[in-house]
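*Asks:* Below you'll find my_file19.cif; it's mmCIF, C-alpha atoms.
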```
data_entry
#
loop_
_atom_site.label_atom_id
_atom_site.label_comp_id
_atom_site.auth_asym_id
_atom_site.auth_seq_id
_atom_site.Cartn_x
_atom_site.Cartn_y
_atom_site.Cartn_z
CA MET D 1 0.00 0.00 0.00
CA GLU D 2 1.40 3.41 -0.98
CA TRP D 3 0.28 6.93 -0.16
CA GLN D 4 1.36 9.98 -2.11
CA ILE D 5 1.36 13.52 -0.74
CA ILE D 6 1.66 16.25 -3.34
CA ALA D 7 3.30 18.92 -1.22
CA GLY D 8 4.96 21.17 -3.79
CA GLU D 9 6.61 24.16 -2.15
CA PHE D 10 5.70 22.79 1.29
CA MET D 11 7.78 19.65 0.79
CA PRO D 12 10.53 20.48 3.35
CA ASP D 13 7.98 20.88 6.15
CA CYS D 14 5.84 17.99 4.91
CA LYS D 15 8.80 15.62 4.78
CA ARG D 16 10.00 16.65 8.24
CA TYR D 17 6.64 16.02 9.92
CA VAL D 18 5.66 12.85 8.07
CA VAL D 19 9.08 11.21 8.21
CA ARG D 20 9.27 11.87 11.94
CA GLU D 21 6.08 9.85 12.44
CA LEU D 22 7.24 7.04 10.16
CA GLU D 23 10.54 6.78 12.03
CA ALA D 24 8.64 6.52 15.31
CA LEU D 25 6.56 3.75 13.72
CA ALA D 26 9.72 1.90 12.68
CA ARG D 27 10.89 1.85 16.29
CA ARG D 28 7.72 -0.08 17.06
CA GLY D 29 8.61 -2.72 14.50
CA VAL D 30 6.53 -1.45 11.56
CA ARG D 31 8.93 -0.48 8.79
CA ALA D 32 8.03 2.02 6.10
CA GLU D 33 10.02 3.74 3.43
CA TRP D 34 9.63 7.11 1.79
CA VAL D 35 11.03 8.91 -1.20
CA GLU D 36 10.47 12.26 -2.89
CA LYS D 37 9.76 11.29 -6.48
CA PRO D 38 9.10 13.27 -8.58
CA PRO D 39 10.16 16.50 -6.84
CA GLY D 40 7.35 17.83 -4.69
CA VAL D 41 5.66 14.44 -4.21
CA LEU D 42 6.33 12.37 -1.09
CA ARG D 43 5.67 8.65 -1.53
CA CYS D 44 5.24 6.52 1.62
CA ARG D 45 4.72 2.76 1.76
CA LEU D 46 5.18 -0.23 4.03
CA VAL D 47 8.22 -2.45 3.65
CA GLY D 48 7.78 -6.21 3.37
CA HIS D 49 6.19 -8.98 1.37
CA LYS D 50 2.61 -8.26 0.31
CA LYS D 51 1.36 -11.38 2.05
CA ARG D 52 2.79 -10.12 5.35
CA LEU D 53 1.26 -6.64 5.14
CA PHE D 54 -1.45 -7.25 7.68
CA PRO D 55 -4.38 -4.80 7.87
CA GLU D 56 -3.15 -3.68 11.30
CA LYS D 57 0.19 -2.55 9.85
CA ILE D 58 -1.49 -0.74 6.98
CA LEU D 59 -3.70 1.07 9.46
CA LEU D 60 -0.74 2.05 11.64
CA CYS D 61 1.16 3.40 8.65
CA LYS D 62 -1.82 5.35 7.40
CA TRP D 63 -2.31 6.93 10.81
CA ALA D 64 1.38 7.79 11.00
CA VAL D 65 1.11 9.72 7.73
CA ALA D 66 -2.12 11.35 8.94
CA ARG D 67 -0.54 12.39 12.25
CA GLY D 68 2.39 13.98 10.44
CA LEU D 69 0.16 15.96 8.08
CA GLY D 70 -2.27 16.90 10.84
CA GLN D 71 0.52 18.18 13.05
CA LEU D 72 1.97 20.13 10.13
CA VAL D 73 -1.32 21.95 9.60
CA ALA D 74 -1.76 22.51 13.34
CA ASP D 75 1.74 23.95 13.77
CA ARG D 76 2.07 25.90 10.53
CA TRP D 77 -1.43 27.04 9.64
CA ASP D 78 0.02 30.47 8.89
CA LEU D 79 2.11 28.89 6.13
CA LEU D 80 -0.62 26.72 4.62
CA MET D 81 -3.61 29.08 4.89
CA PRO D 82 -2.22 32.54 4.12
CA ALA D 83 -5.29 33.74 2.21
CA LEU D 84 -7.85 32.34 4.64
CA ILE D 85 -6.72 33.32 8.13
CA ARG D 86 -5.35 36.84 7.79
CA PRO D 87 -8.29 39.23 8.10
CA TYR D 88 -5.79 41.99 8.86
CA GLY D 89 -3.73 41.36 5.73
CA LEU D 90 -0.71 39.89 7.50
CA ARG D 91 1.99 38.21 5.46
CA LEU D 92 4.57 35.56 6.24
CA GLU D 93 7.36 38.12 6.11
CA ASP D 94 5.72 40.41 8.67
CA TRP D 95 7.90 40.53 11.76
CA GLY D 96 5.55 39.88 14.65
CA LEU D 97 3.45 37.26 12.87
CA GLU D 98 5.27 34.49 14.73
CA ARG D 99 4.26 36.02 18.05
CA ILE D 100 0.65 36.21 16.89
CA ARG D 101 0.76 32.56 15.79
CA GLU D 102 2.14 31.53 19.18
CA ARG D 103 -0.67 33.36 20.98
CA VAL D 104 -3.30 31.79 18.73
CA ASN D 105 -1.94 28.29 19.33
CA ALA D 106 -1.94 28.92 23.10
CA ALA D 107 -5.54 30.17 23.15
CA PRO D 108 -8.16 27.93 24.86
CA GLY D 109 -9.75 25.40 22.54
CA VAL D 110 -7.36 25.83 19.61
CA VAL D 111 -5.36 22.67 20.34
CA GLU D 112 -8.53 20.59 20.56
CA GLU D 113 -9.90 22.08 17.32
CA LEU D 114 -6.69 21.39 15.39
CA ALA D 115 -6.37 17.86 16.81
CA GLY D 116 -9.40 16.83 14.77
CA ILE D 117 -7.45 17.39 11.55
CA VAL D 118 -5.64 14.06 12.00
CA ARG D 119 -8.89 12.09 11.86
CA ARG D 120 -9.98 13.96 8.74
CA VAL D 121 -6.68 13.28 6.98
CA ALA D 122 -6.91 9.59 7.93
CA ASP D 123 -10.48 9.37 6.62
CA TYR D 124 -9.38 10.94 3.35
CA LEU D 125 -6.45 8.53 2.96
CA GLU D 126 -8.85 5.66 3.58
CA GLU D 127 -10.62 6.55 0.32
CA PHE D 128 -7.87 8.16 -1.73
CA PRO D 129 -4.19 7.17 -1.83
CA VAL D 130 -3.14 10.58 -3.23
CA LEU D 131 -3.52 13.76 -1.18
CA HIS D 132 -2.81 17.23 -2.57
CA LEU D 133 -1.78 19.14 0.54
CA GLN D 134 -2.79 22.64 -0.53
CA GLY D 135 -6.03 21.41 -2.08
CA PHE D 136 -6.94 19.42 1.02
CA VAL D 137 -6.36 22.40 3.30
CA THR D 138 -8.30 24.76 1.05
CA PHE D 139 -11.32 22.63 0.17
CA ARG D 140 -11.54 20.13 3.03
CA LEU D 141 -10.79 22.41 5.98
CA PRO D 142 -12.83 25.60 5.41
CA ASP D 143 -14.31 25.33 8.91
CA VAL D 144 -10.83 25.17 10.42
CA ALA D 145 -9.85 28.26 8.44
CA ALA D 146 -12.95 30.08 9.69
CA TYR D 147 -12.18 29.04 13.27
CA LEU D 148 -8.60 30.27 12.98
CA THR D 149 -9.79 33.53 11.44
CA ARG D 150 -11.83 34.22 14.56
CA ALA D 151 -8.92 33.16 16.77
CA VAL D 152 -6.55 35.54 14.96
CA GLU D 153 -9.05 38.39 15.35
CA ARG D 154 -9.37 37.73 19.08
CA VAL D 155 -5.59 37.73 19.52
CA LEU D 156 -5.18 40.94 17.54
CA ASP D 157 -7.93 42.63 19.54
CA ALA D 158 -6.32 41.42 22.77
CA LEU D 159 -3.01 42.96 21.74
CA VAL D 160 -4.79 46.25 21.17
CA LEU D 161 -6.20 45.94 24.69
CA GLU D 162 -2.69 45.82 26.13
CA ARG D 163 -2.29 49.45 25.12
CA GLU D 164 1.46 49.59 25.81
CA ASP D 165 2.52 47.11 23.15
CA ALA D 166 4.67 49.40 20.97
CA GLU D 167 5.77 46.49 18.79
CA PHE D 168 2.20 45.65 17.92
CA VAL D 169 1.33 49.27 17.19
CA ASN D 170 4.14 49.24 14.63
CA LEU D 171 2.76 46.03 13.13
CA LEU D 172 -0.72 47.56 12.91
CA ARG D 173 0.73 50.62 11.20
CA HIS D 174 2.50 48.41 8.67
CA VAL D 175 -0.68 46.45 7.91
CA ALA D 176 -2.94 49.52 7.82
CA LEU D 177 -0.68 51.28 5.33
CA ARG D 178 -0.73 48.24 3.05
CA ARG D 179 -4.50 47.73 3.19
CA ARG D 180 -5.80 51.26 2.81
CA SER D 181 -7.49 50.45 -0.49
CA LEU D 182 -10.00 48.25 1.38
CA ALA D 183 -12.03 51.22 2.61
CA GLY D 184 -12.22 54.95 2.02
CA THR D 185 -12.55 57.53 4.75
CA VAL D 186 -14.11 56.44 8.02
CA HIS D 187 -15.73 59.01 10.32
CA VAL D 188 -15.90 58.08 14.00
CA PHE D 189 -18.41 60.12 15.99
CA VAL D 190 -17.87 60.06 19.77
CA ALA D 191 -20.40 61.52 22.20
CA ARG D 192 -19.61 63.13 25.54
CA ASP D 193 -20.31 59.85 27.31
CA THR D 194 -17.92 58.08 24.86
CA ARG D 195 -20.60 56.27 22.88
CA TYR D 196 -19.53 56.10 19.24
CA ARG D 197 -20.74 55.37 15.71
CA PHE D 198 -18.99 54.73 12.40
CA TYR D 199 -19.82 56.31 9.03
CA ASN D 200 -18.21 56.22 5.60
CA GLU D 201 -17.23 59.26 3.51
CA ASN D 202 -20.88 59.58 2.41
CA LEU D 203 -21.96 59.52 6.06
CA ARG D 204 -23.67 56.17 5.71
CA PRO D 205 -23.52 53.85 8.75
CA LEU D 206 -20.71 51.28 8.76
CA ASN D 207 -20.48 47.96 10.56
CA PRO D 208 -17.07 47.98 12.28
CA GLY D 209 -17.14 44.27 13.01
CA PRO D 210 -18.75 41.52 15.11
CA GLY D 211 -20.89 42.76 17.96
CA LEU D 212 -21.71 46.20 16.54
CA ALA D 213 -24.54 46.53 14.05
CA PRO D 214 -24.39 49.39 11.50
CA GLY D 215 -25.13 52.71 13.15
CA THR D 216 -25.55 51.32 16.66
CA GLU D 217 -23.85 52.77 19.67
CA GLY D 218 -20.62 51.12 20.66
CA ASP D 219 -19.26 50.14 24.03
CA PRO D 220 -17.51 52.96 25.93
CA ALA D 221 -14.24 51.00 25.96
CA GLU D 222 -11.67 52.87 23.88
CA ASP D 223 -9.74 49.72 23.07
CA GLU D 224 -12.77 48.29 21.30
CA LEU D 225 -13.03 51.46 19.25
CA VAL D 226 -9.40 51.12 18.18
CA ALA D 227 -9.85 47.45 17.28
CA ALA D 228 -12.94 48.27 15.20
CA VAL D 229 -11.13 50.97 13.20
CA ILE D 230 -8.13 48.72 12.59
CA ARG D 231 -10.48 46.00 11.37
CA LEU D 232 -11.98 48.39 8.81
CA ALA D 233 -8.46 49.41 7.63
CA PRO D 234 -9.56 52.69 6.01
CA ARG D 235 -7.42 54.94 3.89
CA ALA D 236 -8.21 57.84 6.22
CA VAL D 237 -9.77 58.30 9.66
CA VAL D 238 -11.58 61.37 10.95
CA LEU D 239 -12.29 61.30 14.68
CA HIS D 240 -15.09 63.56 15.89
CA GLY D 241 -15.07 64.15 19.63
CA ALA D 242 -11.49 63.02 20.22
CA ARG D 243 -11.26 64.64 23.67
CA ALA D 244 -13.61 61.99 25.06
CA VAL D 245 -11.31 59.14 23.98
CA PRO D 246 -7.68 60.27 24.44
CA PHE D 247 -6.18 56.76 24.33
CA ALA D 248 -8.03 55.86 21.13
CA ALA D 249 -7.05 59.16 19.53
CA ARG D 250 -3.38 58.69 20.41
CA THR D 251 -3.26 55.07 19.23
CA LEU D 252 -5.05 55.76 15.95
CA LYS D 253 -2.74 58.68 15.28
CA GLU D 254 0.28 56.41 15.86
CA VAL D 255 -1.12 53.75 13.52
CA PHE D 256 -2.46 55.91 10.68
CA GLY D 257 -0.09 58.86 10.87
CA ALA D 258 -0.95 61.60 8.36
CA ALA D 259 -4.10 59.70 7.36
CA PHE D 260 -5.59 60.43 10.78
CA ARG D 261 -7.32 63.70 11.60
CA GLU D 262 -9.15 65.04 14.62
CA CYS D 263 -12.19 67.17 13.84
CA SER D 264 -12.12 70.43 15.77
CA GLY D 265 -15.89 70.88 15.70
CA CYS D 266 -17.80 70.67 12.42
CA ARG D 267 -21.52 71.02 11.69
CA LEU D 268 -21.91 67.26 11.95
CA CYS D 269 -20.36 67.26 15.40
CA ARG D 270 -22.71 69.98 16.61
CA HIS D 271 -25.78 68.22 15.23
CA SER D 272 -24.77 64.63 15.84
CA SER D 273 -27.60 62.49 17.22
CA LEU D 274 -25.17 61.15 19.78
CA ARG D 275 -24.97 64.49 21.50
#
```
Go through the file and emit its structure as structure tokens.

*Replies:*
Amino acid sequence: MEWQIIAGEFMPDCKRYVVRELEALARRGVRAEWVEKPPGVLRCRLVGHKKRLFPEKILLCKWAVARGLGQLVADRWDLLMPALIRPYGLRLEDWGLERIRERVNAAPGVVEELAGIVRRVADYLEEFPVLHLQGFVTFRLPDVAAYLTRAVERVLDALVLEREDAEFVNLLRHVALRRRSLAGTVHVFVARDTRYRFYNENLRPLNPGPGLAPGTEGDPAEDELVAAVIRLAPRAVVLHGARAVPFAARTLKEVFGAAFRECSGCRLCRHSSLR
């Protein structure tokens, strides 16, 4: 019985994880061999006469391959799902991404969620002897990608909550500058009691993210306001009523630089329904 993993550019990581599991299996008396042929394709099979390849050994070998691939996805989801789990536009070369990945992996429930990948790989190999790694991750694990997206968002929001994380502010600035084409100008209206609303350049209500419906009043917490603006990633930010939220004003100015402006008191501020 032979299994083929089409890993392509991910071959170095794929080989390291899968071979590690097969070597552990060999120490238990079940020998398997592997070879990269052609380049980018890892072939794994049991060693021995066909008549002596008992179903138990085939099952053990299949699970060894599945464990290796499952652990690869669990450890390096940032490498395998770059387009699916970066709602903030992060890239592999971004310094600071490794720290975010570590925090995501340490979050409650993430280990248990990723552990289920092994079973799904094993079930797939039960039906198909050839697995395309990138295709499997993209089309067979969309729920995992969605779960990780939410986990990444929670970690990023938590880093905003820390307030004194200068390194993360620099990372946010880097990402915001790169993603400004995603939205135009965002107006943030803050009332005297620090309630706030978001509007676009046409003064239409915006939904800043989960938990805040378009046009509804936000929580007084300034850190949530900052997280919501970062999530929108506008090309420019106009903050109306900045005196009521000094931390948010300072942080947004650090992140957006010249693209951030504090309104000194326009007609909209004077007639805002939040007043």

*Asks:* Using the chain letters and residue numbers of this document, give as a PyMOL selection string the residues selected by the PyMOL selection byres ((chain D and resi 124) around 12).

*Replies:* chain D and resi 3+5+62-63+65-66+69-70+117-123+125-133+136-137+140-141

*Asks:* What does the distance between atom CA of Lys15 of chain D and atom CA of Val73 of chain D come to in Å, to one decimal place?

*Replies:*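 For atom CA of Lys15 of chain D relative to atom CA of Val73 of chain D, the distance reads 12.9 Å.
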
*Asks:* Please indicate the distance in Å from atom CA of Arg101 of chain D to atom CA of Arg154 of chain D, rounded to one decimal place.

*Replies:*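 Taking atom CA of Arg101 of chain D and atom CA of Arg154 of chain D, their separation equals 11.8 Å.
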
*Asks:* Have a look at atom CA of Asn200 of chain D and atom CA of Leu239 of chain D and let me know their distance in Å, one decimal.

*Replies:*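 If I compute the distance from atom CA of Asn200 of chain D to atom CA of Leu239 of chain D, I get 12.0 Å.
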
*Asks:* Adding 6 Å on each side of the box along x, y and z that holds all listed atoms of segment 227-231 of chain D, could you give its centre and edge lengths in Å to one decimal, as lines of an AutoDock Vina configuration file?

*Replies:*
```
center_x = -10.5
center_y = 48.5
center_z = 14.3
size_x = 16.8
size_y = 17.0
size_z = 17.9
```

*Asks:* For the structure shown, which residues end up in the PyMOL selection byres ((chain D and resi 37) around 12)? Put them as an MDAnalysis selection string, please?

*Replies:* chainID D and resid 4:8 11 34:36 38:44

*Asks:* Can you tell me, as a PyMOL selection string, which residues sit within 9 Å of (-8.0, 50.2, 13.7) in the file's frame, using only C-alpha atoms?

*Replies:* chain D and resi 172+176+225-234+251-252+255-256

*Asks:* Using all atoms listed in the file, which residue out of D:Thr185, D:Val110, D:Ile58, D:Glu222 lies closest to Val245 of chain D?

*Replies:*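 The answer is D:Glu222, which sits nearest to Val245 of chain D.
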
*Asks:* The PyMOL selection byres ((chain D and resi 27-32) around 10) on the file shown: which residues, as a ChimeraX atom specification?

*Replies:* /D:2,19,22-26,33-34,44-48,53,56-58,60-61
